[in-house]
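Trainee: Dropping in coords22.txt, which is compact mmCIF, C-alpha atoms (C1' of nucleotides):
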```txt
# COMPACT_ATOMS: atom_id res chain seq x y z
CA MET V 1 21.87 23.85 130.90
CA SER V 2 20.44 26.38 129.80
CA SER V 3 18.72 29.65 129.14
CA PRO V 4 14.99 30.19 129.62
CA SER V 5 14.52 29.89 125.87
CA GLY V 6 15.31 26.21 126.46
CA ARG V 7 16.78 24.95 123.21
CA LEU V 8 20.34 26.30 123.50
CA THR V 9 22.91 27.00 126.19
CA LYS V 10 23.77 30.61 126.97
CA SER V 11 27.03 30.23 125.18
CA LEU V 12 25.55 28.90 121.97
CA GLU V 13 22.85 31.56 122.06
CA ASP V 14 25.59 34.17 122.22
CA TYR V 15 27.36 32.65 119.24
CA LEU V 16 24.11 32.61 117.30
CA GLU V 17 23.47 36.24 118.11
CA ALA V 18 27.00 37.18 117.13
CA ILE V 19 26.60 35.43 113.79
CA ALA V 20 23.43 37.42 113.14
CA VAL V 21 25.13 40.67 114.07
CA LEU V 22 28.05 39.91 111.75
CA HIS V 23 25.69 39.09 108.91
CA GLU V 24 23.97 42.40 109.57
CA ARG V 25 27.30 44.22 109.64
CA ASP V 26 29.17 42.74 106.72
CA GLY V 27 26.92 40.31 104.97
CA LYS V 28 28.64 37.16 106.19
CA ALA V 29 30.27 35.51 109.16
CA THR V 30 33.60 33.68 109.15
CA VAL V 31 35.44 31.77 111.83
CA THR V 32 37.90 34.61 112.25
CA THR V 33 35.44 37.48 112.50
CA LEU V 34 33.25 35.47 114.81
CA SER V 35 36.23 34.64 116.94
CA GLU V 36 37.06 38.34 117.23
CA ALA V 37 33.47 39.35 117.87
CA ALA V 38 33.00 36.75 120.57
CA GLY V 39 36.40 37.30 122.13
CA VAL V 40 37.40 33.64 121.93
CA LYS V 41 39.96 31.63 119.96
CA LYS V 42 39.15 30.01 116.66
CA PRO V 43 38.91 26.43 117.88
CA SER V 44 36.19 27.53 120.26
CA VAL V 45 34.28 29.01 117.36
CA ASP V 46 34.76 25.80 115.44
CA TRP V 47 33.31 23.85 118.33
CA ALA V 48 30.32 26.18 118.59
CA VAL V 49 29.63 26.17 114.87
CA ARG V 50 29.69 22.40 114.86
CA LYS V 51 27.14 22.38 117.69
CA LEU V 52 24.90 24.94 116.02
CA SER V 53 25.18 23.05 112.78
CA ASP V 54 24.21 19.80 114.51
CA ALA V 55 21.19 21.66 115.90
CA GLY V 56 20.22 22.71 112.39
CA LEU V 57 20.57 26.43 113.08
CA VAL V 58 23.57 27.12 110.92
CA THR V 59 25.16 25.78 107.75
CA HIS V 60 28.89 25.59 107.30
CA GLU V 61 30.96 23.57 104.90
CA ARG V 62 34.69 23.12 105.34
CA TYR V 63 36.60 26.36 104.81
CA GLY V 64 33.40 28.18 103.90
CA ASP V 65 31.39 30.99 105.46
CA ILE V 66 28.85 30.50 108.18
CA HIS V 67 25.19 30.99 107.35
CA LEU V 68 22.02 30.92 109.38
CA THR V 69 19.25 28.54 108.44
CA ASP V 70 15.71 29.87 108.54
CA GLU V 71 15.29 28.39 111.96
CA GLY V 72 18.57 29.82 113.13
CA ALA V 73 17.72 33.26 111.81
CA HIS V 74 14.39 33.12 113.55
CA LEU V 75 15.97 32.18 116.86
CA ALA V 76 18.66 34.81 116.45
CA ASP V 77 15.96 37.43 115.91
CA GLU V 78 14.39 36.41 119.18
CA VAL V 79 17.66 36.84 121.01
CA CYS V 80 18.33 40.19 119.35
CA ARG V 81 14.91 41.44 120.33
CA ARG V 82 15.61 40.55 123.93
CA HIS V 83 18.95 42.23 123.73
CA LYS V 84 17.54 45.46 122.33
CA ALA V 85 14.77 45.58 124.90
CA LEU V 86 17.21 45.12 127.76
CA LEU V 87 19.53 47.70 126.31
CA SER V 88 16.79 50.25 126.04
CA PHE V 89 15.68 49.53 129.58
CA LEU V 90 19.19 49.96 130.93
CA THR V 91 20.10 53.08 128.99
CA GLY V 92 16.66 54.65 128.57
CA ILE V 93 15.14 54.03 131.97
CA LEU V 94 17.93 53.22 134.40
CA MET V 95 20.24 55.70 132.65
CA VAL V 96 23.17 53.30 132.69
CA ASP V 97 26.04 54.23 130.38
CA THR V 98 26.16 52.51 127.01
CA GLU V 99 29.18 50.25 127.46
CA THR V 100 28.05 48.86 130.80
CA ALA V 101 24.54 48.44 129.45
CA GLU V 102 25.87 46.48 126.49
CA VAL V 103 27.70 44.03 128.72
CA ASP V 104 24.84 43.66 131.15
CA ALA V 105 22.25 43.19 128.41
CA CYS V 106 24.35 40.35 127.03
CA ARG V 107 24.21 38.57 130.34
CA MET V 108 20.60 39.36 131.16
CA GLU V 109 19.23 38.06 127.91
CA HIS V 110 19.84 34.57 129.26
CA ALA V 111 18.36 35.22 132.67
CA LEU V 112 14.83 36.40 132.05
CA SER V 113 11.96 34.00 131.49
CA ARG V 114 9.72 34.53 128.53
CA GLU V 115 7.05 35.92 130.81
CA SER V 116 9.25 38.47 132.55
CA MET V 117 10.75 39.50 129.25
CA HIS V 118 7.31 40.09 127.89
CA ARG V 119 6.39 42.19 130.89
CA LEU V 120 9.57 44.18 130.63
CA GLU V 121 8.88 44.97 127.00
CA SER V 122 5.40 46.13 127.89
CA TYR V 123 6.79 48.15 130.74
CA ILE V 124 9.31 49.90 128.54
CA SER V 125 6.70 50.95 126.01
CA PHE V 126 4.46 51.95 128.89
CA VAL V 127 7.05 54.28 130.38
CA MET V 128 7.98 55.62 126.97
CA LYS V 129 4.40 56.57 126.35
CA CYS V 130 3.84 58.01 129.79
CA TYR V 131 6.80 60.31 129.31
CA PRO V 132 6.64 60.99 125.59
CA GLY V 133 9.08 63.90 125.97
CA ARG V 134 11.79 61.58 127.40
CA SER V 135 13.83 64.57 128.59
CA ASP V 136 11.32 65.15 131.38
CA TRP V 137 11.80 61.66 132.54
CA GLU V 138 15.55 61.84 132.39
CA ASP V 139 15.53 65.03 134.42
CA ILE V 140 13.22 63.65 137.03
CA PHE V 141 15.11 60.43 137.61
CA ASN V 142 18.49 62.10 137.48
CA ARG V 143 17.41 64.60 140.06
CA TYR V 144 16.25 61.71 142.15
CA LEU V 145 19.59 59.96 141.72
CA GLN V 146 21.37 63.07 142.90
CA TYR V 147 19.18 64.47 145.60
CA GLY V 148 16.60 61.89 146.61
CA VAL V 149 12.89 62.56 146.76
CA ASP V 150 10.61 63.14 149.68
CA GLN V 151 7.60 61.04 150.54
CA ARG V 152 5.08 63.52 149.20
CA GLY V 153 5.62 63.42 145.47
CA ILE V 154 7.81 63.33 142.40
CA LEU V 155 9.73 66.54 142.81
CA PRO V 156 12.77 66.23 145.03
CA ASP V 157 13.53 68.59 147.86
CA LEU V 158 16.68 70.12 146.50
CA ASP V 159 17.95 71.04 149.96
CA SER V 160 17.71 67.56 151.47
CA GLY V 161 21.11 65.93 151.81
CA ALA V 162 19.87 62.35 151.49
CA SER V 163 21.24 60.83 148.28
CA PRO V 164 20.18 57.32 147.31
CA ASP V 165 22.90 57.02 144.67
CA GLY V 166 26.23 58.71 145.10
CA GLU V 167 27.26 58.61 141.46
CA GLY V 168 24.64 60.74 139.79
CA ARG V 169 24.91 60.66 136.01
CA GLU V 170 28.34 59.51 134.87
CA MET B 1 34.65 32.93 135.80
CA SER B 2 32.51 34.84 136.91
CA SER B 3 29.72 37.11 138.02
CA PRO B 4 30.03 40.89 138.03
CA SER B 5 30.83 40.70 141.74
CA GLY B 6 34.12 39.16 140.57
CA ARG B 7 35.30 36.97 143.42
CA LEU B 8 33.07 33.90 142.90
CA THR B 9 31.48 32.00 140.05
CA LYS B 10 27.70 32.15 139.68
CA SER B 11 27.39 28.68 140.99
CA LEU B 12 29.38 29.30 144.15
CA GLU B 13 27.52 32.55 144.74
CA ASP B 14 24.30 30.58 144.61
CA TYR B 15 25.58 28.07 147.13
CA LEU B 16 26.67 30.87 149.43
CA GLU B 17 23.28 32.50 149.20
CA ALA B 18 21.53 29.20 149.89
CA ILE B 19 23.67 28.66 152.97
CA ALA B 20 22.67 32.09 154.26
CA VAL B 21 19.00 31.38 153.60
CA LEU B 22 19.21 28.06 155.42
CA HIS B 23 20.88 29.69 158.39
CA GLU B 24 18.11 32.24 158.39
CA ARG B 25 15.48 29.52 158.19
CA ASP B 26 16.71 26.91 160.62
CA GLY B 27 19.81 28.22 162.28
CA LYS B 28 22.25 25.98 160.44
CA ALA B 29 23.12 24.47 157.09
CA THR B 30 23.99 20.83 156.44
CA VAL B 31 25.08 19.01 153.32
CA THR B 32 21.67 17.39 153.02
CA THR B 33 19.52 20.51 153.47
CA LEU B 34 21.80 22.45 151.17
CA SER B 35 21.61 19.70 148.61
CA GLU B 36 17.81 19.85 148.73
CA ALA B 37 17.70 23.65 148.65
CA ALA B 38 20.04 23.86 145.71
CA GLY B 39 18.47 20.97 143.84
CA VAL B 40 21.75 19.08 143.41
CA LYS B 41 23.20 15.85 144.77
CA LYS B 42 25.32 15.74 147.90
CA PRO B 43 28.69 15.26 146.24
CA SER B 44 28.11 18.51 144.36
CA VAL B 45 27.48 20.27 147.66
CA ASP B 46 30.62 18.75 149.05
CA TRP B 47 32.58 20.06 146.13
CA ALA B 48 31.11 23.55 146.52
CA VAL B 49 31.67 23.66 150.27
CA ARG B 50 35.29 22.69 149.74
CA LYS B 51 35.67 25.54 147.27
CA LEU B 52 33.98 28.07 149.54
CA SER B 53 36.04 26.85 152.42
CA ASP B 54 39.24 27.24 150.39
CA ALA B 55 38.12 30.79 149.65
CA GLY B 56 37.70 31.46 153.36
CA LEU B 57 33.98 32.13 153.14
CA VAL B 58 32.74 29.10 155.00
CA THR B 59 33.92 26.75 157.75
CA HIS B 60 33.17 23.06 157.69
CA GLU B 61 34.81 20.23 159.57
CA ARG B 62 34.23 16.61 158.60
CA TYR B 63 30.68 15.51 159.34
CA GLY B 64 29.86 18.87 160.88
CA ASP B 65 27.52 21.73 159.97
CA ILE B 66 28.40 24.46 157.54
CA HIS B 67 28.96 27.97 158.86
CA LEU B 68 29.65 31.28 157.23
CA THR B 69 32.76 33.22 158.16
CA ASP B 70 32.38 36.95 158.67
CA GLU B 71 33.59 37.51 155.15
CA GLY B 72 31.22 34.88 153.81
CA ALA B 73 28.28 36.35 155.69
CA HIS B 74 29.10 39.75 154.35
CA LEU B 75 29.28 38.50 150.78
CA ALA B 76 26.07 36.51 151.23
CA ASP B 77 24.30 39.65 152.45
CA GLU B 78 25.39 41.40 149.28
CA VAL B 79 23.94 38.64 147.16
CA CYS B 80 20.71 38.54 149.16
CA ARG B 81 20.29 42.27 148.80
CA ARG B 82 20.57 41.93 145.04
CA HIS B 83 18.13 39.09 145.08
CA LYS B 84 15.54 41.00 147.07
CA ALA B 85 15.86 44.06 144.88
CA LEU B 86 15.36 42.04 141.73
CA LEU B 87 12.45 40.21 143.27
CA SER B 88 10.72 43.42 144.22
CA PHE B 89 11.32 44.82 140.76
CA LEU B 90 9.85 41.75 139.10
CA THR B 91 6.84 41.34 141.38
CA GLY B 92 6.25 44.95 142.40
CA ILE B 93 6.86 46.77 139.15
CA LEU B 94 6.65 44.26 136.31
CA MET B 95 3.88 42.37 138.16
CA VAL B 96 5.43 38.99 137.41
CA ASP B 97 4.06 36.11 139.49
CA THR B 98 6.07 35.10 142.53
CA GLU B 99 7.41 31.73 141.41
CA THR B 100 8.64 32.98 138.06
CA ALA B 101 10.11 36.05 139.72
CA GLU B 102 11.99 33.87 142.19
CA VAL B 103 13.61 31.85 139.43
CA ASP B 104 14.43 34.87 137.30
CA ALA B 105 15.85 36.83 140.23
CA CYS B 106 18.21 33.94 140.92
CA ARG B 107 19.57 34.14 137.42
CA MET B 108 19.64 37.92 137.13
CA GLU B 109 21.62 38.46 140.30
CA HIS B 110 24.65 37.22 138.41
CA ALA B 111 24.03 39.29 135.31
CA LEU B 112 23.87 42.87 136.50
CA SER B 113 26.97 44.96 137.04
CA ARG B 114 27.37 46.81 140.29
CA GLU B 115 26.46 50.03 138.55
CA SER B 116 23.26 48.78 136.97
CA MET B 117 22.25 47.10 140.19
CA HIS B 118 22.70 50.34 142.01
CA ARG B 119 20.59 52.18 139.47
CA LEU B 120 17.91 49.55 139.63
CA GLU B 121 17.71 49.87 143.41
CA SER B 122 17.40 53.61 143.11
CA TYR B 123 14.78 53.20 140.45
CA ILE B 124 12.72 50.87 142.59
CA SER B 125 12.64 53.25 145.51
CA PHE B 126 11.95 56.07 143.09
CA VAL B 127 8.90 54.36 141.68
CA MET B 128 7.73 53.27 145.11
CA LYS B 129 7.83 56.85 146.29
CA CYS B 130 6.24 58.28 143.20
CA TYR B 131 3.32 55.94 143.63
CA PRO B 132 3.07 55.74 147.40
CA GLY B 133 -0.37 54.17 147.16
CA ARG B 134 0.98 51.18 145.16
CA SER B 135 -2.52 50.10 144.20
CA ASP B 136 -2.75 53.07 141.82
CA TRP B 137 0.37 51.97 140.13
CA GLU B 138 -0.73 48.38 139.88
CA ASP B 139 -4.02 49.42 138.36
CA ILE B 140 -2.42 51.70 135.85
CA PHE B 141 0.12 49.18 134.59
CA ASN B 142 -2.33 46.32 134.62
CA ARG B 143 -4.77 48.31 132.58
CA TYR B 144 -1.94 49.03 130.20
CA LEU B 145 -1.08 45.35 129.99
CA GLN B 146 -4.65 44.54 129.12
CA TYR B 147 -5.81 47.37 126.94
CA GLY B 148 -2.81 49.42 125.86
CA VAL B 149 -2.57 53.14 126.28
CA ASP B 150 -2.92 55.90 123.76
CA GLN B 151 -0.25 58.43 122.91
CA ARG B 152 -1.78 61.23 124.94
CA GLY B 153 -1.28 60.15 128.49
CA ILE B 154 -1.38 57.59 131.24
CA LEU B 155 -5.00 56.62 131.20
CA PRO B 156 -5.82 53.93 128.67
CA ASP B 157 -8.69 54.10 126.28
CA LEU B 158 -10.76 51.23 127.61
CA ASP B 159 -12.50 50.66 124.30
CA SER B 160 -9.38 50.27 122.18
CA GLY B 161 -8.76 46.69 121.22
CA ALA B 162 -4.96 46.95 120.97
CA SER B 163 -3.36 44.77 123.63
CA PRO B 164 0.41 44.82 124.08
CA ASP B 165 0.39 41.77 126.34
CA GLY B 166 -2.16 39.06 125.95
CA GLU B 167 -1.84 37.55 129.39
CA GLY B 168 -3.05 40.37 131.60
CA ARG B 169 -2.71 39.71 135.32
CA GLU B 170 -2.88 36.01 136.21
C1' DT S 1 26.49 -2.33 172.77
C1' DA S 2 25.37 -3.64 168.49
C1' DC S 3 22.36 -2.64 164.47
C1' DG S 4 20.00 0.08 160.90
C1' DG S 5 19.23 4.06 158.84
C1' DT S 6 20.55 8.62 157.86
C1' DT S 7 24.18 11.68 156.74
C1' DG S 8 28.59 12.76 154.81
C1' DT S 9 32.67 11.62 151.85
C1' DT S 10 35.52 9.66 148.12
C1' DA S 11 36.54 8.05 143.64
C1' DG S 12 35.79 8.46 139.16
C1' DA S 13 33.12 9.53 135.02
C1' DG S 14 31.03 12.99 131.88
C1' DC S 15 29.67 17.28 129.63
C1' DA S 16 30.23 22.19 128.23
C1' DA S 17 33.34 25.38 127.02
C1' DT S 18 37.57 26.99 126.64
C1' DC S 19 42.61 26.92 125.50
C1' DT S 20 47.46 25.83 122.95
C1' DA S 21 50.12 23.64 119.49
C1' DA S 22 50.33 21.79 115.40
C1' DC S 23 48.64 20.89 111.01
C1' DA S 24 45.82 21.54 106.38
C1' DC S 25 43.93 24.41 103.14
C1' DC S 26 43.27 28.43 100.33
C1' DT S 27 44.71 32.81 97.94
C1' DT S 28 47.53 36.05 96.21
C1' DG S 29 51.87 38.33 94.49
C1' DT S 30 55.80 37.81 92.07
C1' DA Y 1 53.55 27.94 89.57
C1' DC Y 2 54.96 28.25 93.92
C1' DA Y 3 56.19 30.25 98.33
C1' DA Y 4 54.07 33.14 102.13
C1' DG Y 5 50.68 34.51 105.05
C1' DG Y 6 46.27 34.24 106.49
C1' DT Y 7 42.35 31.27 107.55
C1' DG Y 8 40.32 27.00 109.11
C1' DT Y 9 40.70 22.45 111.44
C1' DT Y 10 42.28 18.74 114.54
C1' DA Y 11 44.10 16.78 118.64
C1' DG Y 12 44.48 16.96 123.21
C1' DA Y 13 44.63 19.31 127.77
C1' DT Y 14 42.14 22.00 131.29
C1' DT Y 15 38.53 23.94 134.22
C1' DG Y 16 34.02 24.17 136.38
C1' DC Y 17 30.35 21.68 137.78
C1' DT Y 18 27.60 17.91 137.89
C1' DC Y 19 26.52 13.01 138.38
C1' DT Y 20 26.52 7.69 140.14
C1' DA Y 21 28.28 4.13 142.94
C1' DA Y 22 30.41 2.86 146.70
C1' DC Y 23 32.17 3.58 151.15
C1' DA Y 24 32.66 5.75 156.08
C1' DA Y 25 30.97 7.98 160.05
C1' DC Y 26 27.30 9.18 163.20
C1' DC Y 27 23.20 8.39 166.14
C1' DG Y 28 18.87 6.66 168.12
C1' DT Y 29 16.77 2.60 169.62
C1' DA Y 30 16.29 -1.83 171.24
```
What is this file in structure tokens?
Mentor:
Amino acid sequence: MSSPSGRLTKSLEDYLEAIAVLHERDGKATVTTLSEAAGVKKPSVDWAVRKLSDAGLVTHERYGDIHLTDEGAHLADEVCRRHKALLSFLTGILMVDTETAEVDACRMEHALSRESMHRLESYISFVMKCYPGRSDWEDIFNRYLQYGVDQRGILPDLDSGASPDGEGRE
Amino acid sequence: MSSPSGRLTKSLEDYLEAIAVLHERDGKATVTTLSEAAGVKKPSVDWAVRKLSDAGLVTHERYGDIHLTDEGAHLADEVCRRHKALLSFLTGILMVDTETAEVDACRMEHALSRESMHRLESYISFVMKCYPGRSDWEDIFNRYLQYGVDQRGILPDLDSGASPDGEGRE
DNA sequence: TACGGTTGTTAGAGCAATCTAACACCTTGT
DNA sequence: ACAAGGTGTTAGATTGCTCTAACAACCGTA
């Protein structure tokens, strides 16, 4: 076991999310598309679908499409919300590039407790509102990434050599 | 497979970290203390130690204590650094309570890529330096958690009923 | 030095999640 | 209507990690 949401393992939560995303994208999910989306072979999908079906989150009759039950859709929404929040934290605040953020968000969505997730969501909207321009924020943090900042305030000393992060913005 | 650090599985990374913590705490690690620290039975520890030993990260002769090799110690330091960073983010910025933060940090340390981790560390020191008083920052975010903030700036409207997070500060 | 209790190890089972190989079913073009 | 190719399923193996039950080694005390 198990992610902080309790109920499902990380793996099954990922399958559920992928099913929701596929439904969003092309109105249905099949074993093949799901297998491609999840990067696993079909028998693995079959196994997962059976599990999700046993848990009452998905319906699937032999050779048919895969559909979310109300409960499954609800749970999938939860997971997607987490995912989006983490993505926007990684790209919007930490300024991580989109592909890396996507991968990391996928892993993090199973790591955070309900409480921390809640706080993170609040924090994101807090920062967004404190820097409504966004570009200001990006500039400030990027300058910090490149040049560091002195003890006295937000604006970095552009002549100081100390760099807390060698990479800067990709 | 595998955490973003590559090399080890999440589980083995956790064991390695626990060994380092035990060495820190009481100068050595044994199967029993490790088993208690990790919350697993002794045969599981034995299995893990064998794996870590095979990987050259730990030395362990029959019925003896468990010691980190140089390589193991180095890797453990890495993991501990991640852990501490995540902990300080959760408690110091998101204001999550210590126990929850401890659990979440343990899970997150396997989820973040090297790049994101790096950014997060920079971000933490950035925020710390931007709010050198700390208490200011705590106040501001806590007020936001309780009362919300309006679109115009940092200071919340204390009379507005809108609350983005019901819990407030424990 | 022998005994009892703690500590460590071994053997073997079990579960989650994945795979390959082989098979069953469906659909579509000719 | 039937062969072909794609799609879905089954069987069975494998890996990582955990457990219980039983056994072996170590150590303090009498």
Trainee: Quick check, in Å to one decimal: how far apart do CA of Tyr63 in chain V and CA of Cys106 in chain V lie?
Mentor: 29.0 Å
Trainee: Please identify all residues of chain B having at least one atom at most 10 Å from any atom of chain Y, considering all atoms listed in the file, and return them as a list of chain:residue names.
Mentor: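 For chain B, the answer reads B:Met1, B:Thr9, B:Ser11, B:Leu12, B:Val40, B:Lys41, B:Lys42, B:Pro43, B:Ser44, B:Trp47, B:Ala48, B:Arg62, B:Tyr63.
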Trainee: Could you give me the axis-aligned bounding box of range 8-11 of chain Y, with 3 Å of padding per side, as centre plus edge lengths in Å to one decimal, as lines of an AutoDock Vina configuration file?
Mentor:
```
center_x = 42.2
center_y = 21.9
center_z = 113.9
size_x = 9.8
size_y = 16.2
size_z = 15.5
```
Trainee: Can you pull out the residues contacting Leu22 in chain B? Cut-off 10 Å, using all atoms listed in the file, and skip same-chain residues under 5 positions away; I want them as a PyMOL selection string.
Mentor: chain B and resi 16-17+27-30+33-34+37
Trainee: Excluding same-chain residues fewer than 4 positions from Thr69 in chain B, what lies within 12 Å of it counting all atoms listed in the file, as a ChimeraX atom specification?
Mentor: /B:16,19-20,52-60,73-76
Trainee: C1' of DT10 in chain S and CA of Val49 in chain B are how many Å apart?
Mentor: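 Distance between the two atoms: 14.7 Å.
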Trainee: Any idea which chain S residues end up within 9 Å of chain V if we count all atoms listed in the file, as a ChimeraX atom specification please?
Mentor: /S:16-19,25-26
Trainee: Determine, counting all atoms listed in the file, which protein, DNA and RNA residues have an atom within 8 Å of an atom of range 80-92 of chain V; residues of the same chain fewer than 4 positions away are not included. Present the result as a ChimeraX atom specification.
Mentor: /V:17,76,96-98,101-102,105-106,108-109,117,120-121,124 /B:116
Trainee: Quick one: pull the distance between C1' of DG8 in chain S and CA of Ala38 in chain B, Å, one decimal.
Mentor: 16.7 Å
